[in-house]
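Undergrad: Contents of input09.cif (mmCIF, N, CA and C atoms) are below:
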data_input
loop_
_atom_site.label_atom_id
_atom_site.label_comp_id
_atom_site.auth_asym_id
_atom_site.auth_seq_id
_atom_site.Cartn_x
_atom_site.Cartn_y
_atom_site.Cartn_z
N MET A 1 25.52 18.03 -14.06
CA MET A 1 24.96 18.45 -12.79
C MET A 1 23.64 19.19 -13.07
N ALA A 2 22.63 18.92 -12.27
CA ALA A 2 21.32 19.54 -12.44
C ALA A 2 21.36 21.00 -12.01
N GLU A 3 20.59 21.80 -12.70
CA GLU A 3 20.49 23.23 -12.36
C GLU A 3 19.52 23.40 -11.20
N MET A 4 19.89 24.21 -10.23
CA MET A 4 19.04 24.46 -9.09
C MET A 4 18.40 25.84 -9.25
N ARG A 5 17.10 25.89 -9.03
CA ARG A 5 16.38 27.16 -9.12
C ARG A 5 15.63 27.41 -7.82
N ALA A 6 15.57 28.65 -7.45
CA ALA A 6 14.82 29.04 -6.25
C ALA A 6 13.72 30.00 -6.67
N GLU A 7 12.60 29.88 -6.02
CA GLU A 7 11.51 30.82 -6.28
C GLU A 7 10.83 31.17 -4.96
N ARG A 8 10.35 32.37 -4.89
CA ARG A 8 9.71 32.84 -3.67
C ARG A 8 8.24 32.39 -3.66
N LYS A 9 7.80 31.84 -2.54
CA LYS A 9 6.42 31.41 -2.37
C LYS A 9 5.94 31.85 -1.00
N SER A 10 4.67 32.11 -0.91
CA SER A 10 4.11 32.43 0.41
C SER A 10 3.87 31.12 1.15
N ILE A 11 3.83 31.18 2.45
CA ILE A 11 3.59 29.98 3.24
C ILE A 11 2.20 29.42 2.92
N PHE A 12 1.23 30.29 2.64
CA PHE A 12 -0.11 29.84 2.28
C PHE A 12 -0.07 29.02 1.00
N ASP A 13 0.63 29.50 -0.02
CA ASP A 13 0.74 28.75 -1.28
C ASP A 13 1.39 27.40 -1.05
N TYR A 14 2.45 27.38 -0.27
CA TYR A 14 3.17 26.14 -0.03
C TYR A 14 2.30 25.12 0.71
N LEU A 15 1.65 25.56 1.76
CA LEU A 15 0.85 24.63 2.56
C LEU A 15 -0.44 24.20 1.87
N SER A 16 -1.01 25.06 1.04
CA SER A 16 -2.30 24.73 0.42
C SER A 16 -2.15 23.90 -0.86
N LYS A 17 -0.98 23.89 -1.46
CA LYS A 17 -0.81 23.18 -2.74
C LYS A 17 0.02 21.91 -2.63
N ASN A 18 0.37 21.52 -1.43
CA ASN A 18 1.18 20.32 -1.23
C ASN A 18 0.45 19.36 -0.31
N LYS A 19 0.67 18.09 -0.53
CA LYS A 19 0.11 17.07 0.35
C LYS A 19 1.17 16.67 1.35
N PHE A 20 0.76 16.55 2.59
CA PHE A 20 1.68 16.16 3.65
C PHE A 20 1.16 14.86 4.24
N LEU A 21 1.99 13.84 4.21
CA LEU A 21 1.61 12.54 4.74
C LEU A 21 2.41 12.26 6.01
N ILE A 22 1.72 11.73 6.98
CA ILE A 22 2.37 11.37 8.23
C ILE A 22 2.71 9.88 8.16
N PRO A 23 3.98 9.52 8.28
CA PRO A 23 4.36 8.10 8.22
C PRO A 23 3.68 7.29 9.30
N MET A 24 3.46 6.00 9.03
CA MET A 24 2.79 5.11 9.98
C MET A 24 3.46 5.13 11.35
N TYR A 25 4.80 5.19 11.37
CA TYR A 25 5.49 5.14 12.66
C TYR A 25 5.28 6.40 13.50
N GLN A 26 4.72 7.45 12.93
CA GLN A 26 4.48 8.68 13.70
C GLN A 26 3.01 8.89 14.02
N ARG A 27 2.14 8.04 13.55
CA ARG A 27 0.71 8.27 13.73
C ARG A 27 0.24 8.12 15.16
N ASN A 28 0.95 7.39 15.96
CA ASN A 28 0.53 7.23 17.35
C ASN A 28 0.85 8.44 18.21
N TYR A 29 1.70 9.32 17.70
CA TYR A 29 2.04 10.53 18.44
C TYR A 29 0.86 11.50 18.35
N VAL A 30 0.37 11.93 19.48
CA VAL A 30 -0.80 12.80 19.51
C VAL A 30 -0.38 14.21 19.89
N TRP A 31 -0.81 15.17 19.07
CA TRP A 31 -0.53 16.57 19.36
C TRP A 31 -1.69 17.16 20.13
N GLY A 32 -1.36 17.89 21.17
CA GLY A 32 -2.37 18.62 21.92
C GLY A 32 -2.35 20.08 21.49
N GLU A 33 -3.14 20.87 22.17
CA GLU A 33 -3.22 22.29 21.85
C GLU A 33 -1.88 22.99 22.03
N ASP A 34 -1.13 22.61 23.05
CA ASP A 34 0.18 23.24 23.30
C ASP A 34 1.15 23.01 22.13
N GLU A 35 1.19 21.77 21.62
CA GLU A 35 2.09 21.47 20.51
C GLU A 35 1.68 22.19 19.22
N CYS A 36 0.39 22.26 18.97
CA CYS A 36 -0.10 22.97 17.79
C CYS A 36 0.21 24.47 17.88
N GLU A 37 0.02 25.03 19.06
CA GLU A 37 0.31 26.44 19.27
C GLU A 37 1.80 26.73 19.07
N GLN A 38 2.65 25.84 19.56
CA GLN A 38 4.09 26.02 19.39
C GLN A 38 4.48 25.95 17.92
N LEU A 39 3.90 25.02 17.17
CA LEU A 39 4.18 24.92 15.74
C LEU A 39 3.77 26.20 15.03
N TRP A 40 2.57 26.70 15.31
CA TRP A 40 2.10 27.92 14.67
C TRP A 40 3.01 29.10 15.00
N GLU A 41 3.41 29.22 16.25
CA GLU A 41 4.31 30.32 16.64
C GLU A 41 5.65 30.21 15.91
N ASP A 42 6.17 29.00 15.78
CA ASP A 42 7.44 28.80 15.07
C ASP A 42 7.31 29.22 13.61
N VAL A 43 6.24 28.80 12.94
CA VAL A 43 6.02 29.16 11.53
C VAL A 43 5.84 30.67 11.41
N TYR A 44 5.05 31.26 12.30
CA TYR A 44 4.79 32.69 12.26
C TYR A 44 6.08 33.49 12.42
N HIS A 45 6.90 33.13 13.39
CA HIS A 45 8.14 33.87 13.64
C HIS A 45 9.17 33.65 12.55
N PHE A 46 9.14 32.49 11.90
CA PHE A 46 10.05 32.24 10.81
C PHE A 46 9.79 33.17 9.63
N PHE A 47 8.51 33.41 9.37
CA PHE A 47 8.17 34.28 8.24
C PHE A 47 7.90 35.69 8.70
#
Just dump the structure as structure tokens.

TA:
Amino acid sequence: MAEMRAERKSIFDYLSKNKFLIPMYQRNYVWGEDECEQLWEDVYHFF
């Protein structure tokens, strides 16, 4: 069984050092200002 390790990272480190790809089937979905604001609020409140 593989050993699992956890390490603490800031959200800035995680978001700035990883590539995020949007699958082709999701590219037609368009985010407006309301959706972006909701995402930011969710991330902010989580941390």

Undergrad: Compare A:Ala6, A:Met1, A:Ile22, A:Ile11 by their minimum atom-to-atom distance to Phe46 (chain A), counting only C-alpha atoms, and give me the closest one.

TA: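 Of A:Ala6, A:Met1, A:Ile22, A:Ile11, the one nearest Phe46 (chain A), counting only C-alpha atoms, is A:Ile11.
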
Undergrad: How many Å lie between CA of Phe12 (chain A) and CA of Leu39 (chain A), rounded to one decimal?

TA: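 CA of Leu39 (chain A) lies 15.0 Å from CA of Phe12 (chain A).
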
Undergrad: Please return as a PyMOL selection string: the residues of chain A that backbone DSSP assigns to alpha helix (DSSP H).

TA: chain A and resi 11-16+33-46

Undergrad: Would you mind reading off the distance between CA of Leu15 (chain A) and CA of Phe47 (chain A), one decimal, in Å?

TA: 13.4 Å

Undergrad: Box for region 21-36 of chain A: with edges along x, y and z, all listed atoms inside and 4 Å added on each side, what are the centre and edge lengths in Å to one decimal, as lines of an AutoDock Vina configuration file?

TA:
center_x = 1.1
center_y = 14.8
center_z = 13.8
size_x = 16.7
size_y = 27.4
size_z = 27.1

Undergrad: Between CA of Ser16 (chain A) and CA of Glu37 (chain A), what is the spacing in Å?

TA: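 That distance, rounded to one decimal, is 19.1 Å.
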